[in-house]
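Asker: work-v4.tsv is reproduced below (TSV, C-alpha atoms).
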chain	number	residue	atom	x	y	z
S	1425	MET	CA	6.60	8.59	15.08
S	1426	LYS	CA	6.54	12.35	14.42
S	1427	PHE	CA	9.28	12.25	11.79
S	1428	ALA	CA	7.54	9.26	10.21
S	1429	VAL	CA	4.55	11.50	9.54
S	1430	VAL	CA	6.75	14.21	8.03
S	1431	ALA	CA	8.61	11.80	5.76
S	1432	LEU	CA	5.34	10.29	4.57
S	1433	ALA	CA	3.86	13.72	4.02
S	1434	VAL	CA	6.65	14.62	1.63
S	1435	LEU	CA	6.17	11.35	-0.25
S	1436	ALA	CA	2.40	11.70	-0.38
S	1437	VAL	CA	2.36	14.08	-3.34
S	1438	LEU	CA	4.35	11.54	-5.38
S	1439	SER	CA	1.91	8.63	-5.10
S	1440	PRO	CA	-0.44	8.01	-8.06
S	1441	LEU	CA	-2.76	4.99	-7.88
S	1442	ASP	CA	-2.55	2.43	-10.65
S	1443	ALA	CA	-5.79	1.28	-12.27
S	1444	LEU	CA	-7.03	-2.24	-11.59
S	1445	LYS	CA	-6.62	-4.37	-14.70
S	1446	VAL	CA	-8.23	-7.74	-15.41
S	1447	PRO	CA	-5.37	-10.04	-16.57
S	1448	ALA	CA	-5.98	-11.49	-20.00
S	1449	SER	CA	-5.17	-14.90	-21.46
S	1450	GLY	CA	-5.45	-16.18	-25.00
S	1451	SER	CA	-7.81	-13.99	-27.00
S	1452	GLY	CA	-8.55	-11.82	-23.96
S	1453	ALA	CA	-12.22	-11.65	-25.01
S	1454	LEU	CA	-13.73	-12.20	-21.56
S	1455	ALA	CA	-11.10	-9.97	-19.91
S	1456	LYS	CA	-12.16	-7.11	-22.20
S	1457	GLU	CA	-15.82	-7.54	-21.27
S	1458	LEU	CA	-15.10	-7.72	-17.54
S	1459	GLN	CA	-12.66	-4.80	-17.68
S	1460	GLU	CA	-15.45	-2.52	-18.87
S	1461	LEU	CA	-17.42	-3.46	-15.74
S	1462	VAL	CA	-14.40	-3.10	-13.43
S	1463	ASP	CA	-13.76	0.37	-14.84
S	1464	LEU	CA	-17.16	1.46	-13.48
S	1465	VAL	CA	-16.05	0.67	-9.91
S	1466	PRO	CA	-14.10	3.36	-7.98
S	1467	VAL	CA	-11.50	0.83	-6.83
S	1468	ALA	CA	-9.41	3.30	-4.83
S	1469	ASP	CA	-12.50	4.48	-2.88
S	1470	VAL	CA	-13.68	0.91	-2.26
S	1471	LEU	CA	-10.29	-0.22	-0.96
S	1472	GLN	CA	-9.93	2.89	1.20
S	1473	ILE	CA	-13.29	2.17	2.86
S	1474	VAL	CA	-12.33	-1.46	3.50
S	1475	LYS	CA	-8.96	-0.40	4.94
S	1476	LEU	CA	-10.57	2.16	7.25
S	1477	TYR	CA	-12.97	-0.46	8.61
S	1478	ILE	CA	-10.09	-2.91	9.15
S	1479	ALA	CA	-8.21	-0.21	11.05
S	1480	GLN	CA	-11.12	1.06	13.17
S	1481	ASP	CA	-13.91	-1.52	13.52
S	1482	LYS	CA	-13.59	-4.53	15.85
S	1483	GLU	CA	-16.17	-6.69	14.02
S	1484	ILE	CA	-14.40	-6.19	10.69
S	1485	GLN	CA	-11.04	-6.81	12.37
S	1486	HIS	CA	-12.35	-10.18	13.59
S	1487	ILE	CA	-13.47	-11.13	10.09
S	1488	ASN	CA	-10.19	-9.91	8.58
S	1489	LYS	CA	-8.25	-12.00	11.11
S	1490	ALA	CA	-10.33	-14.99	10.03
S	1491	VAL	CA	-9.33	-14.35	6.39
S	1492	THR	CA	-5.65	-14.95	7.21
S	1493	SER	CA	-6.21	-17.78	9.70
S	1494	ALA	CA	-5.07	-21.39	9.20
S	1495	GLU	CA	-8.73	-22.39	8.88
S	1496	SER	CA	-9.26	-19.89	6.07
S	1497	LYS	CA	-6.12	-20.99	4.22
S	1498	ALA	CA	-7.29	-24.61	4.42
S	1499	LEU	CA	-10.68	-23.54	3.07
S	1500	VAL	CA	-9.12	-21.74	0.09
S	1501	LYS	CA	-6.87	-24.71	-0.77
S	1502	GLU	CA	-9.73	-27.22	-0.52
S	1503	VAL	CA	-11.99	-25.10	-2.74
S	1504	GLU	CA	-9.20	-24.82	-5.33
S	1505	GLU	CA	-8.99	-28.62	-5.41
S	1506	ILE	CA	-12.72	-29.24	-5.94
S	1507	PRO	CA	-13.20	-30.74	-9.46
S	1508	ASP	CA	-15.98	-28.28	-10.29
S	1509	ALA	CA	-13.72	-25.36	-9.27
S	1510	ILE	CA	-10.89	-26.70	-11.43
S	1511	ALA	CA	-13.27	-27.05	-14.39
S	1512	LEU	CA	-14.60	-23.51	-13.87
S	1513	MET	CA	-11.05	-22.08	-13.78
S	1514	GLN	CA	-10.21	-23.93	-16.99
S	1515	TYR	CA	-13.30	-22.45	-18.62
S	1516	ILE	CA	-12.47	-18.88	-17.51
S	1517	GLN	CA	-8.84	-19.25	-18.62
S	1518	LYS	CA	-9.92	-20.45	-22.06
S	1519	ALA	CA	-12.51	-17.67	-22.34
S	1520	GLY	CA	-9.79	-15.02	-22.04
S	1521	VAL	CA	-9.16	-14.20	-18.36
S	1522	ASP	CA	-5.91	-15.29	-16.69
S	1523	ILE	CA	-7.70	-16.74	-13.68
S	1524	TYR	CA	-4.56	-18.52	-12.46
S	1525	ARG	CA	-2.78	-15.19	-12.10
S	1526	ILE	CA	-5.68	-13.87	-10.01
S	1527	VAL	CA	-5.91	-16.97	-7.82
S	1528	ASN	CA	-2.15	-17.10	-7.33
S	1529	ALA	CA	-2.10	-13.43	-6.31
S	1530	LEU	CA	-4.60	-14.37	-3.58
S	1531	ASN	CA	-2.54	-17.42	-2.61
S	1532	LYS	CA	0.60	-15.30	-2.39
S	1533	SER	CA	-1.13	-12.78	-0.12
S	1534	LEU	CA	-2.19	-15.65	2.17
S	1535	GLY	CA	1.23	-17.33	2.09
S	1536	LEU	CA	-0.04	-20.33	0.12
S	1537	SER	CA	1.71	-22.19	-2.68
S	1538	PRO	CA	0.73	-21.15	-6.21
S	1539	ILE	CA	-1.53	-23.35	-8.29
S	1540	LYS	CA	-0.80	-24.31	-11.88
S	1541	PRO	CA	-3.18	-24.70	-14.80
S	1542	SER	CA	-4.58	-28.24	-14.75
S	1543	SER	CA	-3.91	-30.36	-17.80
S	1544	THR	CA	-7.39	-32.17	-17.78
S	1545	LEU	CA	-12.81	8.61	3.64
S	1546	SER	CA	-10.28	8.88	6.63
S	1547	LYS	CA	-13.19	7.94	8.98
S	1548	ILE	CA	-15.70	5.12	8.88
S	1549	THR	CA	-19.33	6.23	9.11
S	1550	GLY	CA	-20.91	3.14	10.67
S	1551	GLY	CA	-20.12	-0.03	12.56
S	1552	GLY	CA	-19.66	-3.70	11.61
S	1553	MET	CA	-20.97	-5.15	8.38
S	1554	ASN	CA	-23.93	-2.75	8.25
S	1555	GLY	CA	-21.52	0.20	8.23
S	1556	LEU	CA	-19.12	-1.39	5.75
S	1557	THR	CA	-21.81	-2.32	3.24
S	1558	THR	CA	-23.50	1.08	3.59
S	1559	ASP	CA	-20.23	2.89	2.86
S	1560	LEU	CA	-19.37	0.58	-0.04
S	1561	TRP	CA	-22.84	0.84	-1.54
S	1562	ALA	CA	-22.51	4.64	-1.42
S	1563	VAL	CA	-19.47	4.67	-3.76
S	1564	VAL	CA	-20.12	1.70	-6.08
S	1565	PRO	CA	-22.48	2.68	-8.96
S	1566	PHE	CA	-24.62	-0.47	-8.95
S	1567	PRO	CA	-27.31	0.85	-11.34
S	1568	LYS	CA	-24.62	1.60	-13.97
S	1569	ILE	CA	-23.05	-1.83	-13.44
S	1570	GLN	CA	-26.44	-3.56	-13.73
S	1571	ALA	CA	-27.20	-1.63	-16.93
S	1572	ALA	CA	-23.79	-2.57	-18.36
S	1573	ILE	CA	-24.37	-6.24	-17.51
S	1574	GLU	CA	-27.78	-6.23	-19.20
S	1575	LYS	CA	-26.25	-4.64	-22.30
S	1576	LYS	CA	-23.48	-7.23	-22.41
S	1577	MET	CA	-26.03	-10.05	-22.06
S	1578	ILE	CA	-27.57	-8.81	-25.31
S	1579	GLU	CA	-24.43	-7.89	-27.26
S	1580	SER	CA	-21.66	-10.23	-26.09
S	1581	LYS	CA	-21.73	-14.00	-26.64
S	1582	VAL	CA	-18.58	-14.60	-24.57
S	1583	PHE	CA	-20.18	-12.78	-21.64
S	1584	ARG	CA	-23.49	-14.68	-21.99
S	1585	ASP	CA	-21.59	-17.98	-22.03
S	1586	PHE	CA	-19.64	-16.93	-18.94
S	1587	VAL	CA	-22.84	-16.10	-17.00
S	1588	ALA	CA	-24.40	-19.39	-18.12
S	1589	GLU	CA	-21.33	-21.28	-16.89
S	1590	LEU	CA	-21.57	-19.57	-13.49
S	1591	SER	CA	-25.26	-20.45	-13.22
S	1592	ARG	CA	-24.40	-24.14	-13.58
S	1593	GLN	CA	-22.15	-24.14	-10.48
S	1594	GLY	CA	-24.76	-25.29	-7.95
S	1595	LYS	CA	-22.62	-28.23	-6.76
S	1596	LEU	CA	-19.60	-25.96	-6.26
S	1597	HIS	CA	-21.63	-23.42	-4.27
S	1598	LEU	CA	-22.98	-26.20	-2.04
S	1599	ALA	CA	-19.50	-27.64	-1.51
S	1600	ILE	CA	-18.20	-24.26	-0.37
S	1601	ALA	CA	-21.21	-23.50	1.85
S	1602	THR	CA	-20.89	-26.84	3.68
S	1603	ASN	CA	-17.08	-26.87	3.90
S	1604	LYS	CA	-15.99	-27.66	7.46
S	1605	HIS	CA	-13.43	-24.86	7.55
S	1606	LEU	CA	-15.98	-22.23	6.57
S	1607	LEU	CA	-18.43	-23.62	9.14
S	1608	ASN	CA	-15.71	-23.48	11.83
S	1609	LEU	CA	-14.89	-19.86	10.96
S	1610	LYS	CA	-18.59	-18.99	11.00
S	1611	ALA	CA	-19.04	-20.62	14.41
S	1612	GLU	CA	-16.12	-18.63	15.85
S	1613	ALA	CA	-17.63	-15.42	14.47
S	1614	ILE	CA	-21.00	-16.18	16.06
S	1615	LYS	CA	-19.23	-16.74	19.41
S	1616	ALA	CA	-17.69	-13.28	18.97
S	1617	GLY	CA	-21.15	-11.76	18.55
S	1618	ILE	CA	-21.21	-11.50	14.74
S	1619	LYS	CA	-24.28	-12.69	12.85
S	1620	GLY	CA	-23.58	-15.71	10.67
S	1621	GLN	CA	-24.86	-14.09	7.47
S	1622	ASP	CA	-22.82	-10.94	8.22
S	1623	PHE	CA	-19.68	-13.03	8.65
S	1624	VAL	CA	-20.16	-14.84	5.34
S	1625	MET	CA	-20.70	-11.57	3.47
S	1626	GLY	CA	-17.76	-9.90	5.23
S	1627	TYR	CA	-15.51	-12.89	4.60
S	1628	GLU	CA	-16.26	-12.74	0.87
S	1629	ILE	CA	-15.56	-8.98	0.72
S	1630	LEU	CA	-12.36	-9.09	2.77
S	1631	LEU	CA	-10.99	-12.21	1.12
S	1632	GLY	CA	-11.47	-10.57	-2.27
S	1633	SER	CA	-9.90	-7.33	-1.03
S	1634	HIS	CA	-7.01	-9.01	0.78
S	1635	VAL	CA	-4.85	-9.49	-2.28
S	1636	LEU	CA	-5.22	-5.80	-3.23
S	1637	ILE	CA	-4.78	-4.44	0.28
S	1638	SER	CA	-1.72	-6.33	1.51
S	1639	ASN	CA	0.06	-7.63	-1.53
S	1640	ASN	CA	3.19	-5.46	-1.49
S	1641	ILE	CA	5.05	-2.56	0.06
S	1642	LYS	CA	3.76	-0.16	-2.60
S	1643	GLU	CA	0.16	-0.72	-1.47
S	1644	ASP	CA	1.18	-0.50	2.20
S	1645	LEU	CA	2.88	2.83	1.56
S	1646	ARG	CA	-0.08	4.20	-0.35
S	1647	ASP	CA	-2.45	3.19	2.45
S	1648	VAL	CA	-0.36	5.23	4.87
S	1649	LEU	CA	0.06	8.18	2.51
S	1650	ALA	CA	-3.72	8.36	2.16
S	1651	PHE	CA	-3.82	9.75	5.72
S	1652	VAL	CA	-1.68	12.75	4.71
S	1653	PRO	CA	-3.46	16.00	3.72
S	1654	HIS	CA	-1.51	16.51	0.47
S	1655	ASP	CA	-2.57	20.07	-0.35
S	1656	GLU	CA	-1.83	21.45	3.13
S	1657	VAL	CA	1.58	19.77	3.28
S	1658	PHE	CA	2.51	20.99	-0.19
S	1659	GLU	CA	1.60	24.59	0.70
S	1660	ILE	CA	3.73	24.47	3.87
S	1661	ILE	CA	6.76	23.05	2.03
S	1662	LYS	CA	6.35	25.49	-0.87
S	1663	SER	CA	6.16	28.49	1.47
S	1664	TYR	CA	9.31	27.47	3.34
S	1665	MET	CA	11.26	26.78	0.17
S	1666	LYS	CA	10.39	30.25	-1.15
S	1667	TYR	CA	10.57	32.40	1.98
S	1668	ASP	CA	12.65	30.71	4.71
S	1669	LYS	CA	16.39	31.44	4.39
S	1670	GLN	CA	17.55	28.23	6.09
S	1671	ILE	CA	15.36	26.00	3.93
S	1672	GLY	CA	16.47	27.96	0.87
S	1673	GLU	CA	20.11	27.33	1.76
S	1674	THR	CA	19.34	23.66	2.37
S	1675	VAL	CA	17.79	23.31	-1.09
S	1676	SER	CA	20.78	25.08	-2.63
S	1677	PHE	CA	23.21	22.79	-0.78
S	1678	ILE	CA	21.35	19.68	-1.98
S	1679	ASN	CA	21.42	20.92	-5.57
S	1680	ASP	CA	25.17	21.53	-5.37
S	1681	HIS	CA	26.08	18.23	-3.71
S	1682	LYS	CA	23.41	15.68	-4.69
S	1683	ARG	CA	25.25	14.18	-7.66
S	1684	PHE	CA	28.29	13.38	-5.48
S	1685	LEU	CA	26.14	11.96	-2.67
S	1686	LEU	CA	24.07	9.80	-5.04
S	1687	ARG	CA	27.21	8.47	-6.72
S	1688	GLU	CA	28.67	7.40	-3.37
S	1689	MET	CA	25.41	5.76	-2.29
S	1690	GLN	CA	25.18	3.82	-5.54
S	1691	ASN	CA	28.68	2.42	-4.94
S	1692	ILE	CA	27.79	1.00	-1.51
S	1693	PRO	CA	27.01	-2.77	-1.90
S	1694	GLN	CA	24.55	-2.78	1.01
S	1695	MET	CA	22.46	-0.12	-0.73
S	1696	SER	CA	22.02	-2.41	-3.73
S	1697	ARG	CA	20.79	-5.20	-1.47
S	1698	ILE	CA	18.22	-2.94	0.20
S	1699	ILE	CA	16.99	-1.71	-3.20
S	1700	LEU	CA	16.70	-5.31	-4.40
S	1701	PHE	CA	14.64	-6.21	-1.32
S	1702	LEU	CA	12.23	-3.31	-1.95
S	1703	TRP	CA	11.92	-4.22	-5.63
S	1704	GLN	CA	11.22	-7.88	-4.81
S	1705	ASN	CA	8.48	-6.77	-2.41
S	1706	GLY	CA	6.63	-4.66	-4.96
S	1707	LEU	CA	8.12	-1.16	-4.67
S	1708	ASP	CA	9.25	0.20	-8.03
S	1709	ILE	CA	12.31	2.15	-6.90
S	1710	HIS	CA	13.04	3.40	-10.42
S	1711	ASN	CA	9.53	4.84	-10.78
S	1712	TRP	CA	9.69	6.51	-7.37
S	1713	SER	CA	13.14	7.95	-8.17
S	1714	GLU	CA	11.83	9.43	-11.40
S	1715	GLN	CA	8.83	10.96	-9.64
S	1716	ILE	CA	11.03	12.48	-6.93
S	1717	ARG	CA	13.49	13.80	-9.53
S	1718	THR	CA	10.67	15.36	-11.56
S	1719	SER	CA	9.03	16.90	-8.47
S	1720	TRP	CA	12.36	18.29	-7.29
S	1721	LYS	CA	12.98	19.97	-10.65
S	1722	MET	CA	9.54	21.59	-10.46
S	1723	ALA	CA	9.91	22.66	-6.81
S	1724	PRO	CA	9.93	26.42	-6.12
S	1725	ARG	CA	13.25	28.15	-5.41
S	1726	PHE	CA	14.11	30.63	-2.68
S	1727	ILE	CA	12.88	34.16	-3.44
S	1728	ARG	CA	13.59	36.20	-0.31
S	1729	SER	CA	13.47	35.91	3.45
S	1730	ASP	CA	9.98	36.78	4.74
S	1731	THR	CA	9.31	35.80	8.37
S	1732	ASN	CA	5.66	36.81	8.01
S	1733	ILE	CA	5.19	33.86	5.63
S	1734	ALA	CA	7.77	31.30	6.83
S	1735	ALA	CA	10.24	31.29	9.70
S	1736	GLY	CA	12.07	28.92	12.02
S	1737	GLY	CA	13.75	26.67	9.48
S	1738	LEU	CA	13.44	22.89	9.46
S	1739	THR	CA	12.24	22.59	13.06
S	1740	VAL	CA	9.21	24.85	12.67
S	1741	MET	CA	8.38	23.55	9.19
S	1742	LEU	CA	8.28	19.96	10.47
S	1743	ASP	CA	6.12	21.00	13.43
S	1744	LYS	CA	3.61	22.65	11.10
S	1745	ILE	CA	3.46	19.52	8.94
S	1746	LEU	CA	2.87	17.39	12.03
S	1747	HIS	CA	-0.14	19.48	13.01
S	1748	THR	CA	-1.84	18.62	9.71
S	1749	ALA	CA	-1.73	14.83	10.20
S	1750	PRO	CA	-4.09	12.62	12.30
S	1751	LEU	CA	-1.33	11.00	14.39
S	1752	ASP	CA	-3.54	8.68	16.48
S	1753	GLU	CA	-5.35	7.29	13.45
S	1754	LEU	CA	-2.09	6.83	11.58
S	1755	HIS	CA	-0.52	4.98	14.50
S	1756	GLU	CA	-3.53	2.66	14.68
S	1757	LEU	CA	-3.31	1.97	10.94
S	1758	LEU	CA	0.37	1.04	11.26
S	1759	ARG	CA	-0.44	-1.29	14.19
S	1760	GLN	CA	-3.01	-3.02	12.00
S	1761	LYS	CA	-0.44	-3.25	9.20
S	1762	VAL	CA	1.94	-5.04	11.57
S	1763	LYS	CA	-0.82	-7.55	12.37
S	1764	TYR	CA	-2.24	-8.19	8.93
S	1765	SER	CA	0.27	-7.19	6.22
S	1766	GLY	CA	3.08	-9.65	5.58
S	1767	SER	CA	4.87	-7.20	3.27
S	1768	PHE	CA	4.88	-4.49	5.95
S	1769	ARG	CA	6.23	-6.89	8.58
S	1770	ARG	CA	8.99	-7.96	6.18
S	1771	PHE	CA	9.85	-4.30	5.66
S	1772	LEU	CA	10.14	-3.70	9.42
S	1773	LEU	CA	12.28	-6.81	9.84
S	1774	MET	CA	14.53	-5.58	7.03
S	1775	LEU	CA	15.08	-2.37	9.02
S	1776	LYS	CA	16.30	-4.58	11.90
S	1777	SER	CA	18.50	-6.75	9.69
S	1778	ASN	CA	22.28	-6.96	9.47
S	1779	ASP	CA	22.09	-5.63	5.92
S	1780	PHE	CA	20.48	-2.41	7.13
S	1781	ASP	CA	22.94	-2.05	10.03
S	1782	GLU	CA	25.81	-2.55	7.59
S	1783	LEU	CA	24.33	0.10	5.28
S	1784	CYS	CA	24.14	2.63	8.12
S	1785	ASN	CA	27.73	1.84	9.16
S	1786	ALA	CA	28.94	2.13	5.57
S	1787	LEU	CA	27.31	5.56	5.23
S	1788	GLN	CA	28.88	6.76	8.47
S	1789	GLU	CA	32.34	5.47	7.55
S	1790	ASN	CA	32.33	6.74	3.96
S	1791	LYS	CA	34.88	9.57	3.71
S	1792	VAL	CA	33.05	11.43	0.94
S	1793	MET	CA	29.73	11.30	2.82
S	1794	HIS	CA	31.52	12.45	5.98
S	1795	HIS	CA	33.01	15.48	4.19
S	1796	HIS	CA	29.61	16.54	2.84
S	1797	TYR	CA	28.05	16.12	6.30
S	1798	PHE	CA	30.77	18.37	7.76
S	1799	TRP	CA	30.25	21.01	5.03
S	1800	ALA	CA	26.50	20.98	5.71
S	1801	GLN	CA	27.14	21.60	9.41
S	1802	GLU	CA	29.58	24.40	8.56
S	1803	SER	CA	26.89	25.97	6.36
S	1804	GLY	CA	24.51	26.13	9.34
S	1805	LEU	CA	22.10	23.46	8.07
S	1806	GLU	CA	20.15	21.41	10.61
S	1807	VAL	CA	21.74	18.09	9.62
S	1808	THR	CA	22.18	16.99	13.24
S	1809	LEU	CA	18.43	17.43	13.83
S	1810	ALA	CA	17.64	15.53	10.63
S	1811	ASN	CA	19.96	12.70	11.70
S	1812	GLU	CA	18.33	12.47	15.14
S	1813	LEU	CA	14.85	12.44	13.58
S	1814	LEU	CA	15.87	9.56	11.30
S	1815	LYS	CA	17.09	7.63	14.33
S	1816	ASP	CA	13.78	8.32	16.11
S	1817	LEU	CA	11.89	7.06	13.05
S	1818	HIS	CA	13.97	3.86	13.05
S	1819	VAL	CA	13.25	3.27	16.74
S	1820	TYR	CA	9.53	3.85	16.20
S	1821	LEU	CA	9.32	1.41	13.28
S	1822	THR	CA	11.57	-1.33	14.69
S	1823	GLN	CA	10.72	-1.16	18.39
S	1824	THR	CA	7.52	0.75	19.19
S	1825	LEU	CA	5.41	-0.85	16.45
S	1826	LEU	CA	6.80	-4.36	17.01
S	1827	THR	CA	6.19	-4.45	20.79
Any chance you could give the structure as structure tokens?
Answerer:
Amino acid sequence: MKFAVVALAVLAVLSPLDALKVPASGSGALAKELQELVDLVPVADVLQIVKLYIAQDKEIQHINKAVTSAESKALVKEVEEIPDAIALMQYIQKAGVDIYRIVNALNKSLGLSPIKPSSTLSKITGGGMNGLTTDLWAVVPFPKIQAAIEKKMIESKVFRDFVAELSRQGKLHLAIATNKHLLNLKAEAIKAGIKGQDFVMGYEILLGSHVLISNNIKEDLRDVLAFVPHDEVFEIIKSYMKYDKQIGETVSFINDHKRFLLREMQNIPQMSRIILFLWQNGLDIHNWSEQIRTSWKMAPRFIRSDTNIAAGGLTVMLDKILHTAPLDELHELLRQKVKYSGSFRRFLLMLKSNDFDELCNALQENKVMHHHYFWAQESGLEVTLANELLKDLHVYLTQTLLT
């Protein structure tokens, strides 16, 4: 677990958050209007609040579990098959928003089959739904959104038509409200001590957030990296690179040998399979590689040995990084990821797979890699410690979290 925090801390400074874009279809007219409203919402802050409540609040955890239940999946599929819902999706698609892409992203996150166009803070401040809505309301600029909506009602015909279409969906709203699956979920929530109206509101929020929270490994990784104090970690690493002799020698060794090591790794077939798995599950390996390469080029170089600023090499540097991270909260977040994120579970299972075992064996048996490992040891670098920490990380991810 400890090395997991260190590895994530190093990655944290490389993790920009993409903006949320409304997918367009056809003319894209409605997508453009809605995008201007979406841009007013601090999406990263909203999702972080929702994630924190999922990780720390039992009432929200109950509602989130309901979102991914068999009852919930049946509800979503039945709603998608209601004639009024089909007609509304056709309208939205024609008006310029790719509604099928949005709905299918939700279906994918729930493990449902896709539909096709029809040809006809790190802490939560409150508890339960009251706390969640209070925290969300504090970051979402509702007055600005309301003003933007009123302006669009005056200036945009496509937006006025869209609102009018929504106002005619009384039958659809009634069909959803009286759906047996929703009523069953609501009854279970009431048994668990959650008010019915709170459950319905929480279900709507979490169902809408689910596709953004748990859709791929990239989002899972960013959720975890959000727990890392970037500035503190960067200062620790920078100080050790500039003033600790052992870390300076390690950086120099990497610079001298990295092109040979990378070439060997690229020639290992198992590495290609692991990279393909990560790419298929939403992690842009090329983008991450470029960010790491750029950050490495900009990293400070060794100046002189100064034990008053940095001392103790890799061991002490890692220990200092560990003291900056909230280990208990991070462990709880990862436990919740195991429960609720399909992409994270697939990642852990990949680490237990034959492909990963074969990759590790191939790295150990590779003669070129073995020579470089020996030279690193001869140079006095703490490669044995690094190897043991990687093994501990693997045990934590594949055994501790999954038991």
Asker: Nearest to S:Glu1628 among S:Ile1484, S:Val1652, S:Leu1783, S:Leu1742, with distances taken over all atoms listed in the file: which residue is it?
Answerer: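 For S:Glu1628, the nearest of the given residues is S:Ile1484.
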Asker: Could you name the residues that touch S:Lys1475 at 8 Å or less, counting all atoms listed in the file, but leaving out those on the same chain fewer than 3 positions away, as an mmCIF file with C-alpha atoms, keeping the file's coordinate frame?
Answerer:
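The file below, out.cif, is the result:
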data_model
loop_
_atom_site.group_PDB
_atom_site.id
_atom_site.type_symbol
_atom_site.label_atom_id
_atom_site.label_comp_id
_atom_site.auth_asym_id
_atom_site.auth_seq_id
_atom_site.Cartn_x
_atom_site.Cartn_y
_atom_site.Cartn_z
ATOM 1 C CA LEU S 1471 -10.290 -0.220 -0.960
ATOM 2 C CA GLN S 1472 -9.930 2.890 1.200
ATOM 3 C CA ILE S 1478 -10.090 -2.910 9.150
ATOM 4 C CA ALA S 1479 -8.210 -0.210 11.050
ATOM 5 C CA ILE S 1637 -4.780 -4.440 0.280
ATOM 6 C CA ASP S 1647 -2.450 3.190 2.450
#
Asker: Between S:Leu1609, S:Ile1526, S:Met1665, S:Met1774, which is the closest to S:Ser1729 once you count all atoms listed in the file?
Answerer: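 Looking at the shortest contact to S:Ser1729, the residue is S:Met1665.
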Asker: Mind pulling up the distance from atom CA of S:Lys1619 to atom CA of S:Val1500?
Answerer: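 For atom CA of S:Val1500 relative to atom CA of S:Lys1619, the distance reads 21.8 Å.
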Asker: Enter the distance from atom CA of S:Phe1566 to atom CA of S:Glu1457, in Å, rounded to one decimal.
Answerer: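 Rounded to one decimal, the two atoms are 16.7 Å apart.
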Asker: Which residues, protein or nucleic acid, reach to within 8 Å of (9.3, 30.6, -3.2) in the file's coordinates when using all atoms listed in the file, and can you give that as number ranges by chain?
Answerer: S: 1662-1667, 1724-1728
